[in-house]
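Student: Just so it is clear, I am handing over query.txt, which has compact mmCIF, C-alpha atoms.
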```txt
# COMPACT_ATOMS: atom_id res chain seq x y z
CA MET A 1 -37.09 -1.81 -2.72
CA PRO A 2 -33.54 -0.39 -2.72
CA GLU A 3 -30.86 -2.98 -3.37
CA LYS A 4 -27.22 -2.47 -2.64
CA VAL A 5 -24.63 -2.80 -5.37
CA ASN A 6 -21.24 -4.35 -4.74
CA LEU A 7 -18.89 -2.90 -7.34
CA ALA A 8 -16.46 -5.84 -7.43
CA GLU A 9 -19.30 -8.31 -7.82
CA LYS A 10 -20.80 -6.34 -10.70
CA PHE A 11 -17.44 -6.01 -12.44
CA SER A 12 -16.99 -9.80 -12.19
CA ARG A 13 -20.09 -10.28 -14.36
CA PHE A 14 -18.68 -8.97 -17.62
CA THR A 15 -15.44 -8.94 -19.56
CA ASP A 16 -16.02 -6.75 -22.61
CA HIS A 17 -14.38 -3.36 -22.99
CA TRP A 18 -15.90 0.04 -23.76
CA SER A 19 -19.43 -1.24 -23.15
CA PRO A 20 -20.94 0.52 -20.12
CA LYS A 21 -23.38 -1.47 -17.98
CA LEU A 22 -26.20 0.23 -16.13
CA VAL A 23 -26.09 -0.42 -12.38
CA GLY A 24 -28.15 2.40 -10.93
CA GLU A 25 -30.62 5.17 -11.70
CA LEU A 26 -31.22 8.26 -9.64
CA ASN A 27 -33.60 10.91 -10.87
CA ASP A 28 -32.52 11.54 -14.46
CA PHE A 29 -29.00 10.25 -13.92
CA HIS A 30 -27.39 6.88 -14.56
CA VAL A 31 -24.63 5.05 -12.74
CA LYS A 32 -22.67 2.76 -15.05
CA LEU A 33 -19.68 0.47 -14.79
CA VAL A 34 -17.28 -0.01 -17.65
CA LYS A 35 -14.03 -1.86 -18.31
CA LEU A 36 -11.62 0.08 -20.47
CA LYS A 37 -8.56 -1.11 -22.31
CA GLY A 38 -6.70 0.68 -25.08
CA GLU A 39 -7.72 3.94 -26.68
CA PHE A 40 -11.28 5.14 -27.29
CA VAL A 41 -12.36 7.86 -29.76
CA TRP A 42 -12.23 11.62 -29.39
CA HIS A 43 -15.71 12.91 -28.62
CA HIS A 44 -17.67 15.35 -26.54
CA HIS A 45 -21.15 15.44 -25.08
CA ALA A 46 -23.31 18.37 -26.15
CA GLU A 47 -25.27 18.67 -22.91
CA GLU A 48 -23.99 16.12 -20.45
CA ASP A 49 -21.26 16.42 -17.86
CA GLU A 50 -19.59 13.08 -17.18
CA LEU A 51 -17.93 11.74 -14.03
CA PHE A 52 -15.18 9.10 -14.29
CA LEU A 53 -14.18 7.39 -11.02
CA VAL A 54 -11.39 4.82 -11.25
CA VAL A 55 -12.18 1.73 -9.16
CA ARG A 56 -9.25 -0.37 -10.37
CA GLY A 57 -6.20 0.36 -12.49
CA ARG A 58 -5.41 3.73 -14.01
CA LEU A 59 -6.92 5.86 -16.71
CA LEU A 60 -5.59 8.67 -18.85
CA ILE A 61 -8.11 11.21 -20.05
CA LYS A 62 -6.66 13.31 -22.82
CA LEU A 63 -8.13 16.73 -23.44
CA ARG A 64 -7.03 18.92 -26.33
CA ASP A 65 -4.83 20.98 -24.04
CA GLN A 66 -4.30 18.79 -20.98
CA GLU A 67 -3.76 15.21 -19.84
CA ILE A 68 -5.35 13.88 -16.68
CA TRP A 69 -4.12 10.67 -15.09
CA LEU A 70 -6.55 9.01 -12.71
CA ARG A 71 -5.68 6.23 -10.31
CA GLU A 72 -7.83 4.18 -7.93
CA GLY A 73 -9.94 6.42 -5.75
CA GLU A 74 -9.68 9.40 -8.08
CA PHE A 75 -12.37 10.99 -10.22
CA VAL A 76 -12.76 13.81 -12.68
CA ILE A 77 -15.81 15.49 -14.14
CA ILE A 78 -15.55 16.35 -17.83
CA PRO A 79 -17.91 19.25 -18.54
CA HIS A 80 -20.20 19.09 -21.55
CA GLY A 81 -18.67 20.44 -24.72
CA VAL A 82 -15.13 19.45 -23.73
CA GLU A 83 -13.52 17.00 -26.15
CA HIS A 84 -11.90 14.04 -24.44
CA LEU A 85 -10.20 10.77 -25.26
CA PRO A 86 -10.05 8.05 -22.58
CA VAL A 87 -6.96 5.83 -22.77
CA ALA A 88 -6.28 2.80 -20.57
CA PRO A 89 -2.78 1.34 -21.05
CA GLU A 90 -3.93 -1.72 -19.09
CA GLU A 91 -7.46 -2.75 -18.21
CA ALA A 92 -9.15 -0.21 -15.94
CA HIS A 93 -12.43 -0.52 -14.07
CA VAL A 94 -14.38 2.72 -14.04
CA LEU A 95 -17.61 3.97 -12.51
CA LEU A 96 -19.48 6.57 -14.55
CA VAL A 97 -22.14 9.01 -13.39
CA GLU A 98 -23.91 10.98 -16.09
CA PRO A 99 -27.33 12.06 -17.34
CA GLN A 100 -29.50 9.27 -18.78
CA THR A 101 -29.24 10.86 -22.20
CA THR A 102 -25.46 10.32 -22.40
CA LEU A 103 -24.24 8.23 -25.31
CA ASN A 104 -20.80 6.67 -24.81
CA THR A 105 -19.35 8.20 -27.98
CA GLY A 106 -21.09 11.54 -27.52
CA ASN A 107 -21.27 13.47 -30.78
CA VAL A 108 -19.49 10.73 -32.74
CA HIS A 109 -21.44 7.76 -34.09
CA SER A 110 -19.27 4.81 -34.92
CA GLU A 111 -19.08 1.05 -34.50
CA ARG A 112 -18.13 1.76 -30.89
CA THR A 113 -21.41 3.51 -30.13
CA ILE A 114 -23.57 1.57 -27.67
CA GLU A 115 -27.19 2.58 -28.22
CA HIS A 116 -28.80 0.23 -25.72
CA LEU A 117 -27.24 -0.37 -22.34
CA GLU A 118 -27.30 -3.73 -20.65
CA ARG A 119 -28.50 -3.60 -17.05
CA LEU A 120 -26.57 -5.66 -14.50
CA MET B 121 -10.41 23.35 -16.64
CA PRO B 122 -11.32 19.93 -15.21
CA GLU B 123 -9.41 18.99 -12.07
CA LYS B 124 -9.14 15.52 -10.70
CA VAL B 125 -10.28 14.74 -7.19
CA ASN B 126 -8.42 12.28 -4.98
CA LEU B 127 -10.95 10.97 -2.47
CA ALA B 128 -8.43 10.15 0.28
CA GLU B 129 -6.83 13.58 -0.01
CA LYS B 130 -10.20 15.31 0.24
CA PHE B 131 -11.25 13.21 3.24
CA SER B 132 -7.98 14.17 4.97
CA ARG B 133 -9.05 17.83 4.91
CA PHE B 134 -11.91 17.62 7.38
CA THR B 135 -12.84 15.82 10.56
CA ASP B 136 -16.41 16.81 11.38
CA HIS B 137 -19.27 14.35 11.11
CA TRP B 138 -22.59 14.62 9.24
CA SER B 139 -21.43 17.71 7.37
CA PRO B 140 -21.23 16.97 3.64
CA LYS B 141 -18.55 18.78 1.64
CA LEU B 142 -19.07 19.61 -2.01
CA VAL B 143 -16.36 18.10 -4.24
CA GLY B 144 -17.98 18.08 -7.67
CA GLU B 145 -20.84 19.37 -9.78
CA LEU B 146 -22.20 17.77 -12.91
CA ASN B 147 -25.22 19.26 -14.61
CA ASP B 148 -27.74 19.71 -11.79
CA PHE B 149 -26.14 17.10 -9.54
CA HIS B 150 -23.65 17.34 -6.71
CA VAL B 151 -20.93 14.99 -5.55
CA LYS B 152 -20.26 15.29 -1.84
CA LEU B 153 -18.03 13.62 0.73
CA VAL B 154 -19.14 13.10 4.28
CA LYS B 155 -17.79 11.45 7.42
CA LEU B 156 -20.45 9.69 9.44
CA LYS B 157 -20.33 8.46 13.01
CA GLY B 158 -23.26 7.46 15.18
CA GLU B 159 -26.89 7.79 14.26
CA PHE B 160 -28.47 10.49 12.12
CA VAL B 161 -32.19 11.42 12.00
CA TRP B 162 -35.03 9.72 10.16
CA HIS B 163 -35.88 11.74 7.06
CA HIS B 164 -36.80 11.49 3.42
CA HIS B 165 -36.27 13.65 0.37
CA ALA B 166 -39.42 14.77 -1.43
CA GLU B 167 -37.92 14.82 -4.91
CA GLU B 168 -34.34 13.66 -4.75
CA ASP B 169 -32.91 10.19 -5.10
CA GLU B 170 -29.69 9.80 -3.12
CA LEU B 171 -26.67 7.58 -3.75
CA PHE B 172 -24.48 6.46 -0.83
CA LEU B 173 -21.13 4.86 -1.74
CA VAL B 174 -18.97 3.66 1.15
CA VAL B 175 -15.31 4.57 0.61
CA ARG B 176 -14.09 3.51 4.06
CA GLY B 177 -15.71 1.67 6.97
CA ARG B 178 -19.27 0.42 6.99
CA LEU B 179 -22.67 2.02 7.03
CA LEU B 180 -26.10 0.82 8.04
CA ILE B 181 -29.02 2.42 6.28
CA LYS B 182 -32.23 1.67 8.12
CA LEU B 183 -35.46 1.84 6.19
CA ARG B 184 -38.85 1.38 7.84
CA ASP B 185 -39.05 -2.22 6.61
CA GLN B 186 -35.47 -3.16 5.79
CA GLU B 187 -31.86 -2.72 6.88
CA ILE B 188 -29.07 -2.30 4.37
CA TRP B 189 -25.45 -2.79 5.39
CA LEU B 190 -22.89 -1.23 3.10
CA ARG B 191 -19.19 -1.94 3.16
CA GLU B 192 -16.30 -0.46 1.20
CA GLY B 193 -17.01 -0.56 -2.51
CA GLU B 194 -20.77 -0.88 -2.06
CA PHE B 195 -23.47 1.66 -2.85
CA VAL B 196 -27.21 1.98 -2.60
CA ILE B 197 -29.64 4.47 -4.11
CA ILE B 198 -32.44 5.57 -1.80
CA PRO B 199 -35.38 6.69 -3.93
CA HIS B 200 -37.13 9.94 -3.11
CA GLY B 201 -39.97 9.56 -0.65
CA VAL B 202 -38.34 6.62 1.17
CA GLU B 203 -37.65 7.31 4.83
CA HIS B 204 -34.13 6.38 5.88
CA LEU B 205 -31.82 6.58 8.86
CA PRO B 206 -28.05 6.32 8.29
CA VAL B 207 -26.14 4.73 11.18
CA ALA B 208 -22.36 4.36 11.40
CA PRO B 209 -21.19 2.27 14.37
CA GLU B 210 -17.65 3.50 13.72
CA GLU B 211 -16.55 6.39 11.54
CA ALA B 212 -17.42 5.81 7.89
CA HIS B 213 -16.33 7.77 4.83
CA VAL B 214 -19.08 8.11 2.28
CA LEU B 215 -19.43 9.60 -1.19
CA LEU B 216 -22.86 11.02 -2.01
CA VAL B 217 -24.35 11.74 -5.42
CA GLU B 218 -27.63 13.63 -5.44
CA PRO B 219 -29.46 16.56 -7.02
CA GLN B 220 -28.17 20.02 -6.06
CA THR B 221 -31.42 20.70 -4.26
CA THR B 222 -30.84 17.93 -1.71
CA LEU B 223 -30.75 19.00 1.93
CA ASN B 224 -28.95 16.58 4.24
CA THR B 225 -31.90 16.21 6.60
CA GLY B 226 -34.50 16.16 3.81
CA ASN B 227 -37.95 16.99 5.11
CA VAL B 228 -36.72 17.46 8.68
CA HIS B 229 -35.23 20.76 9.77
CA SER B 230 -33.14 20.48 12.91
CA GLU B 231 -29.85 21.59 14.37
CA ARG B 232 -28.27 18.94 12.13
CA THR B 233 -29.48 20.61 8.97
CA ILE B 234 -26.62 22.03 6.87
CA GLU B 235 -27.98 24.82 4.72
CA HIS B 236 -24.75 25.92 3.09
CA LEU B 237 -22.21 23.41 1.94
CA GLU B 238 -18.51 23.99 2.21
CA ARG B 239 -16.63 23.34 -1.01
CA LEU B 240 -13.34 21.45 -0.74
```
Would you kindly transcribe this structure into structure tokens?
Tutor:
Amino acid sequence: MPEKVNLAEKFSRFTDHWSPKLVGELNDFHVKLVKLKGEFVWHHHAEEDELFLVVRGRLLIKLRDQEIWLREGEFVIIPHGVEHLPVAPEEAHVLLVEPQTTLNTGNVHSERTIEHLERL
Amino acid sequence: MPEKVNLAEKFSRFTDHWSPKLVGELNDFHVKLVKLKGEFVWHHHAEEDELFLVVRGRLLIKLRDQEIWLREGEFVIIPHGVEHLPVAPEEAHVLLVEPQTTLNTGNVHSERTIEHLERL
């Protein structure tokens, strides 16, 4: 039975940063919500394109040769293979759409890697 | 080179209803924007799950045994095989995420079927 998802309500259920929560599955894709604050790690995804939609706040996505600022109601798709570094000067609320196989840190395994996603 | 998409700016570029515009591609998925007003046609998608996120206004998605009202900041994923009828009492602005193979009218071919998507 399909159930609707209210983004604000889902975001109110967690406070941790850089830990994506699963909120939807469609075919082999996942929809995730994540709160970002500070700087992440440079990484890329070997196979997976990744959509970042800013729901609240602002987000800087650094590429090796470009900087992309996203504000509320803006998204960007980072193609697979493209190195990127998300930076949130203040807390940002972000919706992600990406293949199920996507690991948050991509090709980099570190203490920031989240192997198992919580479902909200 | 990744380019950001501002949803409001993209929605300002068209006025027609029930005609999804392509605004992003990630792996084998499409991101589309569509303006809805009135009632569509009952249909289902044989293979494709479909995400509806309301960006402005409100949207009723009728299922055969359930009605789902979506307001701004709410989404639902309609699994493949589930018959649905989108209804927008007033104009609604909706973001869609779905496999590239998704036809707007699913299993039903009618004068409302859009075979070739415009890219914004």
Student: What does chain A look like after a least-squares fit onto chain B on every Cα paired in order, written as a PDB file with C-alpha atoms, in the coordinates of the input?
Tutor:
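File result-v2.pdb, as written:
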```pdb
ATOM      1  CA  MET A   1     -10.409  23.347 -16.633  1.00  0.00           C
ATOM      2  CA  PRO A   2     -11.323  19.918 -15.210  1.00  0.00           C
ATOM      3  CA  GLU A   3      -9.406  19.004 -12.079  1.00  0.00           C
ATOM      4  CA  LYS A   4      -9.152  15.526 -10.707  1.00  0.00           C
ATOM      5  CA  VAL A   5     -10.281  14.742  -7.189  1.00  0.00           C
ATOM      6  CA  ASN A   6      -8.425  12.293  -4.987  1.00  0.00           C
ATOM      7  CA  LEU A   7     -10.945  10.972  -2.478  1.00  0.00           C
ATOM      8  CA  ALA A   8      -8.437  10.149   0.277  1.00  0.00           C
ATOM      9  CA  GLU A   9      -6.845  13.570  -0.006  1.00  0.00           C
ATOM     10  CA  LYS A  10     -10.212  15.309   0.247  1.00  0.00           C
ATOM     11  CA  PHE A  11     -11.254  13.213   3.237  1.00  0.00           C
ATOM     12  CA  SER A  12      -7.994  14.174   4.990  1.00  0.00           C
ATOM     13  CA  ARG A  13      -9.066  17.834   4.909  1.00  0.00           C
ATOM     14  CA  PHE A  14     -11.916  17.622   7.391  1.00  0.00           C
ATOM     15  CA  THR A  15     -12.838  15.825  10.582  1.00  0.00           C
ATOM     16  CA  ASP A  16     -16.420  16.806  11.386  1.00  0.00           C
ATOM     17  CA  HIS A  17     -19.287  14.352  11.103  1.00  0.00           C
ATOM     18  CA  TRP A  18     -22.603  14.638   9.263  1.00  0.00           C
ATOM     19  CA  SER A  19     -21.449  17.729   7.370  1.00  0.00           C
ATOM     20  CA  PRO A  20     -21.238  16.960   3.639  1.00  0.00           C
ATOM     21  CA  LYS A  21     -18.550  18.761   1.633  1.00  0.00           C
ATOM     22  CA  LEU A  22     -19.060  19.599  -2.014  1.00  0.00           C
ATOM     23  CA  VAL A  23     -16.361  18.108  -4.248  1.00  0.00           C
ATOM     24  CA  GLY A  24     -17.961  18.079  -7.674  1.00  0.00           C
ATOM     25  CA  GLU A  25     -20.829  19.377  -9.785  1.00  0.00           C
ATOM     26  CA  LEU A  26     -22.197  17.788 -12.908  1.00  0.00           C
ATOM     27  CA  ASN A  27     -25.226  19.261 -14.598  1.00  0.00           C
ATOM     28  CA  ASP A  28     -27.736  19.720 -11.780  1.00  0.00           C
ATOM     29  CA  PHE A  29     -26.134  17.106  -9.555  1.00  0.00           C
ATOM     30  CA  HIS A  30     -23.650  17.355  -6.705  1.00  0.00           C
ATOM     31  CA  VAL A  31     -20.922  15.002  -5.563  1.00  0.00           C
ATOM     32  CA  LYS A  32     -20.256  15.290  -1.835  1.00  0.00           C
ATOM     33  CA  LEU A  33     -18.038  13.611   0.716  1.00  0.00           C
ATOM     34  CA  VAL A  34     -19.133  13.095   4.281  1.00  0.00           C
ATOM     35  CA  LYS A  35     -17.786  11.441   7.422  1.00  0.00           C
ATOM     36  CA  LEU A  36     -20.446   9.692   9.447  1.00  0.00           C
ATOM     37  CA  LYS A  37     -20.330   8.460  13.001  1.00  0.00           C
ATOM     38  CA  GLY A  38     -23.258   7.484  15.195  1.00  0.00           C
ATOM     39  CA  GLU A  39     -26.904   7.781  14.276  1.00  0.00           C
ATOM     40  CA  PHE A  40     -28.475  10.492  12.116  1.00  0.00           C
ATOM     41  CA  VAL A  41     -32.188  11.425  11.999  1.00  0.00           C
ATOM     42  CA  TRP A  42     -35.027   9.730  10.166  1.00  0.00           C
ATOM     43  CA  HIS A  43     -35.870  11.735   7.063  1.00  0.00           C
ATOM     44  CA  HIS A  44     -36.791  11.491   3.428  1.00  0.00           C
ATOM     45  CA  HIS A  45     -36.260  13.649   0.376  1.00  0.00           C
ATOM     46  CA  ALA A  46     -39.409  14.766  -1.420  1.00  0.00           C
ATOM     47  CA  GLU A  47     -37.919  14.825  -4.914  1.00  0.00           C
ATOM     48  CA  GLU A  48     -34.337  13.669  -4.749  1.00  0.00           C
ATOM     49  CA  ASP A  49     -32.902  10.194  -5.091  1.00  0.00           C
ATOM     50  CA  GLU A  50     -29.676   9.803  -3.128  1.00  0.00           C
ATOM     51  CA  LEU A  51     -26.656   7.576  -3.752  1.00  0.00           C
ATOM     52  CA  PHE A  52     -24.469   6.452  -0.827  1.00  0.00           C
ATOM     53  CA  LEU A  53     -21.123   4.850  -1.751  1.00  0.00           C
ATOM     54  CA  VAL A  54     -18.973   3.655   1.145  1.00  0.00           C
ATOM     55  CA  VAL A  55     -15.306   4.552   0.609  1.00  0.00           C
ATOM     56  CA  ARG A  56     -14.094   3.495   4.054  1.00  0.00           C
ATOM     57  CA  GLY A  57     -15.703   1.666   6.952  1.00  0.00           C
ATOM     58  CA  ARG A  58     -19.269   0.412   6.973  1.00  0.00           C
ATOM     59  CA  LEU A  59     -22.663   2.020   7.026  1.00  0.00           C
ATOM     60  CA  LEU A  60     -26.094   0.811   8.032  1.00  0.00           C
ATOM     61  CA  ILE A  61     -29.026   2.426   6.289  1.00  0.00           C
ATOM     62  CA  LYS A  62     -32.234   1.666   8.110  1.00  0.00           C
ATOM     63  CA  LEU A  63     -35.476   1.838   6.186  1.00  0.00           C
ATOM     64  CA  ARG A  64     -38.851   1.381   7.848  1.00  0.00           C
ATOM     65  CA  ASP A  65     -39.058  -2.198   6.634  1.00  0.00           C
ATOM     66  CA  GLN A  66     -35.474  -3.143   5.794  1.00  0.00           C
ATOM     67  CA  GLU A  67     -31.865  -2.725   6.894  1.00  0.00           C
ATOM     68  CA  ILE A  68     -29.068  -2.315   4.386  1.00  0.00           C
ATOM     69  CA  TRP A  69     -25.454  -2.797   5.410  1.00  0.00           C
ATOM     70  CA  LEU A  70     -22.896  -1.234   3.100  1.00  0.00           C
ATOM     71  CA  ARG A  71     -19.190  -1.943   3.170  1.00  0.00           C
ATOM     72  CA  GLU A  72     -16.295  -0.460   1.193  1.00  0.00           C
ATOM     73  CA  GLY A  73     -17.005  -0.550  -2.510  1.00  0.00           C
ATOM     74  CA  GLU A  74     -20.757  -0.868  -2.065  1.00  0.00           C
ATOM     75  CA  PHE A  75     -23.469   1.659  -2.841  1.00  0.00           C
ATOM     76  CA  VAL A  76     -27.210   1.988  -2.611  1.00  0.00           C
ATOM     77  CA  ILE A  77     -29.628   4.475  -4.102  1.00  0.00           C
ATOM     78  CA  ILE A  78     -32.438   5.558  -1.789  1.00  0.00           C
ATOM     79  CA  PRO A  79     -35.369   6.692  -3.935  1.00  0.00           C
ATOM     80  CA  HIS A  80     -37.131   9.940  -3.112  1.00  0.00           C
ATOM     81  CA  GLY A  81     -39.954   9.575  -0.640  1.00  0.00           C
ATOM     82  CA  VAL A  82     -38.335   6.633   1.154  1.00  0.00           C
ATOM     83  CA  GLU A  83     -37.626   7.315   4.826  1.00  0.00           C
ATOM     84  CA  HIS A  84     -34.120   6.368   5.884  1.00  0.00           C
ATOM     85  CA  LEU A  85     -31.815   6.584   8.866  1.00  0.00           C
ATOM     86  CA  PRO A  86     -28.045   6.317   8.302  1.00  0.00           C
ATOM     87  CA  VAL A  87     -26.136   4.727  11.190  1.00  0.00           C
ATOM     88  CA  ALA A  88     -22.354   4.356  11.399  1.00  0.00           C
ATOM     89  CA  PRO A  89     -21.204   2.271  14.389  1.00  0.00           C
ATOM     90  CA  GLU A  90     -17.661   3.507  13.721  1.00  0.00           C
ATOM     91  CA  GLU A  91     -16.555   6.385  11.532  1.00  0.00           C
ATOM     92  CA  ALA A  92     -17.430   5.800   7.878  1.00  0.00           C
ATOM     93  CA  HIS A  93     -16.322   7.767   4.835  1.00  0.00           C
ATOM     94  CA  VAL A  94     -19.076   8.112   2.266  1.00  0.00           C
ATOM     95  CA  LEU A  95     -19.432   9.595  -1.199  1.00  0.00           C
ATOM     96  CA  LEU A  96     -22.852  11.028  -2.015  1.00  0.00           C
ATOM     97  CA  VAL A  97     -24.351  11.758  -5.420  1.00  0.00           C
ATOM     98  CA  GLU A  98     -27.633  13.638  -5.447  1.00  0.00           C
ATOM     99  CA  PRO A  99     -29.466  16.562  -7.032  1.00  0.00           C
ATOM    100  CA  GLN A 100     -28.173  20.021  -6.065  1.00  0.00           C
ATOM    101  CA  THR A 101     -31.422  20.708  -4.259  1.00  0.00           C
ATOM    102  CA  THR A 102     -30.840  17.923  -1.704  1.00  0.00           C
ATOM    103  CA  LEU A 103     -30.733  19.002   1.922  1.00  0.00           C
ATOM    104  CA  ASN A 104     -28.940  16.573   4.247  1.00  0.00           C
ATOM    105  CA  THR A 105     -31.915  16.205   6.594  1.00  0.00           C
ATOM    106  CA  GLY A 106     -34.487  16.152   3.805  1.00  0.00           C
ATOM    107  CA  ASN A 107     -37.951  16.999   5.099  1.00  0.00           C
ATOM    108  CA  VAL A 108     -36.729  17.451   8.679  1.00  0.00           C
ATOM    109  CA  HIS A 109     -35.222  20.758   9.790  1.00  0.00           C
ATOM    110  CA  SER A 110     -33.151  20.476  12.910  1.00  0.00           C
ATOM    111  CA  GLU A 111     -29.835  21.563  14.383  1.00  0.00           C
ATOM    112  CA  ARG A 112     -28.266  18.934  12.132  1.00  0.00           C
ATOM    113  CA  THR A 113     -29.477  20.606   8.948  1.00  0.00           C
ATOM    114  CA  ILE A 114     -26.626  22.020   6.861  1.00  0.00           C
ATOM    115  CA  GLU A 115     -28.012  24.826   4.709  1.00  0.00           C
ATOM    116  CA  HIS A 116     -24.767  25.930   3.092  1.00  0.00           C
ATOM    117  CA  LEU A 117     -22.223  23.402   1.927  1.00  0.00           C
ATOM    118  CA  GLU A 118     -18.517  23.983   2.205  1.00  0.00           C
ATOM    119  CA  ARG A 119     -16.629  23.329  -1.023  1.00  0.00           C
ATOM    120  CA  LEU A 120     -13.350  21.419  -0.761  1.00  0.00           C
TER     121      LEU A 120
END
```
Student: Could you please tell me, as a ChimeraX atom specification, which residues of chain B have an atom within 10 Å of chain A when using only C-alpha atoms?
Tutor: /B:121-129,144-149,151,167-173,175,183,185-186,188-200,202,217-219
Student: Using all atoms listed in the file, which of the listed residues (B:Glu203, B:Thr222, B:Pro140, B:Thr233) sits closest to His163 (chain B)?
Tutor: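 So, comparing all the options, the nearest one is B:Glu203.
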Student: Between CA of Arg239 (chain B) and CA of Lys152 (chain B), what is the distance in Å, rounded to a tenth?
Tutor: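 CA of Lys152 (chain B) lies 8.9 Å from CA of Arg239 (chain B).
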Student: Which distance in Å separates CA of Trp162 (chain B) and CA of His236 (chain B), to one decimal?
Tutor: 20.4 Å
Student: Of the residues B:Gly226, B:Ala212, B:Val207, B:Thr135, which is the one nearest to Ala166 (chain B), using all atoms listed in the file?
Tutor: B:Gly226
Student: Supply region 50-56 of chain A as a PDB file, in the frame of the given file, with all heavy atoms built in where the input has gaps.
Tutor:
```
ATOM      1  N   GLU A  50     -19.836  14.517 -17.356  1.00  0.00           N
ATOM      2  CA  GLU A  50     -19.590  13.080 -17.180  1.00  0.00           C
ATOM      3  C   GLU A  50     -18.541  12.874 -16.100  1.00  0.00           C
ATOM      4  O   GLU A  50     -17.453  13.450 -16.162  1.00  0.00           O
ATOM      5  CB  GLU A  50     -19.075  12.538 -18.529  1.00  0.00           C
ATOM      6  CG  GLU A  50     -18.949  11.052 -18.610  1.00  0.00           C
ATOM      7  CD  GLU A  50     -18.693  10.586 -20.048  1.00  0.00           C
ATOM      8  OE1 GLU A  50     -17.967  11.279 -20.785  1.00  0.00           O
ATOM      9  OE2 GLU A  50     -19.223   9.518 -20.421  1.00  0.00           O
ATOM     10  N   LEU A  51     -18.872  12.047 -15.111  1.00  0.00           N
ATOM     11  CA  LEU A  51     -17.930  11.740 -14.030  1.00  0.00           C
ATOM     12  C   LEU A  51     -17.295  10.383 -14.262  1.00  0.00           C
ATOM     13  O   LEU A  51     -17.992   9.393 -14.484  1.00  0.00           O
ATOM     14  CB  LEU A  51     -18.660  11.761 -12.685  1.00  0.00           C
ATOM     15  CG  LEU A  51     -17.793  11.492 -11.443  1.00  0.00           C
ATOM     16  CD1 LEU A  51     -18.332  12.266 -10.234  1.00  0.00           C
ATOM     17  CD2 LEU A  51     -17.723   9.999 -11.095  1.00  0.00           C
ATOM     18  N   PHE A  52     -15.962  10.340 -14.206  1.00  0.00           N
ATOM     19  CA  PHE A  52     -15.180   9.100 -14.290  1.00  0.00           C
ATOM     20  C   PHE A  52     -14.510   8.878 -12.932  1.00  0.00           C
ATOM     21  O   PHE A  52     -13.682   9.691 -12.524  1.00  0.00           O
ATOM     22  CB  PHE A  52     -14.051   9.218 -15.320  1.00  0.00           C
ATOM     23  CG  PHE A  52     -14.482   9.398 -16.744  1.00  0.00           C
ATOM     24  CD1 PHE A  52     -14.873  10.642 -17.221  1.00  0.00           C
ATOM     25  CD2 PHE A  52     -14.460   8.336 -17.636  1.00  0.00           C
ATOM     26  CE1 PHE A  52     -15.251  10.821 -18.553  1.00  0.00           C
ATOM     27  CE2 PHE A  52     -14.829   8.507 -18.970  1.00  0.00           C
ATOM     28  CZ  PHE A  52     -15.225   9.741 -19.425  1.00  0.00           C
ATOM     29  N   LEU A  53     -14.851   7.769 -12.275  1.00  0.00           N
ATOM     30  CA  LEU A  53     -14.180   7.390 -11.020  1.00  0.00           C
ATOM     31  C   LEU A  53     -13.469   6.058 -11.250  1.00  0.00           C
ATOM     32  O   LEU A  53     -14.109   5.057 -11.600  1.00  0.00           O
ATOM     33  CB  LEU A  53     -15.207   7.236  -9.890  1.00  0.00           C
ATOM     34  CG  LEU A  53     -14.687   6.613  -8.586  1.00  0.00           C
ATOM     35  CD1 LEU A  53     -13.656   7.507  -7.895  1.00  0.00           C
ATOM     36  CD2 LEU A  53     -15.847   6.336  -7.620  1.00  0.00           C
ATOM     37  N   VAL A  54     -12.153   6.043 -11.032  1.00  0.00           N
ATOM     38  CA  VAL A  54     -11.390   4.820 -11.250  1.00  0.00           C
ATOM     39  C   VAL A  54     -11.510   3.923 -10.008  1.00  0.00           C
ATOM     40  O   VAL A  54     -11.181   4.332  -8.894  1.00  0.00           O
ATOM     41  CB  VAL A  54      -9.918   5.115 -11.574  1.00  0.00           C
ATOM     42  CG1 VAL A  54      -9.107   3.815 -11.632  1.00  0.00           C
ATOM     43  CG2 VAL A  54      -9.829   5.842 -12.911  1.00  0.00           C
ATOM     44  N   VAL A  55     -11.999   2.704 -10.233  1.00  0.00           N
ATOM     45  CA  VAL A  55     -12.180   1.730  -9.160  1.00  0.00           C
ATOM     46  C   VAL A  55     -10.995   0.759  -9.125  1.00  0.00           C
ATOM     47  O   VAL A  55     -10.592   0.279  -8.080  1.00  0.00           O
ATOM     48  CB  VAL A  55     -13.506   0.956  -9.356  1.00  0.00           C
ATOM     49  CG1 VAL A  55     -13.678  -0.139  -8.316  1.00  0.00           C
ATOM     50  CG2 VAL A  55     -14.685   1.932  -9.311  1.00  0.00           C
ATOM     51  N   ARG A  56     -10.450   0.474 -10.315  1.00  0.00           N
ATOM     52  CA  ARG A  56      -9.250  -0.370 -10.370  1.00  0.00           C
ATOM     53  C   ARG A  56      -8.410   0.035 -11.578  1.00  0.00           C
ATOM     54  O   ARG A  56      -8.948   0.315 -12.641  1.00  0.00           O
ATOM     55  CB  ARG A  56      -9.624  -1.848 -10.478  1.00  0.00           C
ATOM     56  CG  ARG A  56      -8.364  -2.738 -10.392  1.00  0.00           C
ATOM     57  CD  ARG A  56      -8.645  -4.176 -10.699  1.00  0.00           C
ATOM     58  NE  ARG A  56      -9.448  -4.811  -9.657  1.00  0.00           N
ATOM     59  CZ  ARG A  56      -9.734  -6.119  -9.650  1.00  0.00           C
ATOM     60  NH1 ARG A  56      -9.288  -6.898 -10.626  1.00  0.00           N
ATOM     61  NH2 ARG A  56     -10.468  -6.639  -8.693  1.00  0.00           N
TER      62      ARG A  56
END
```
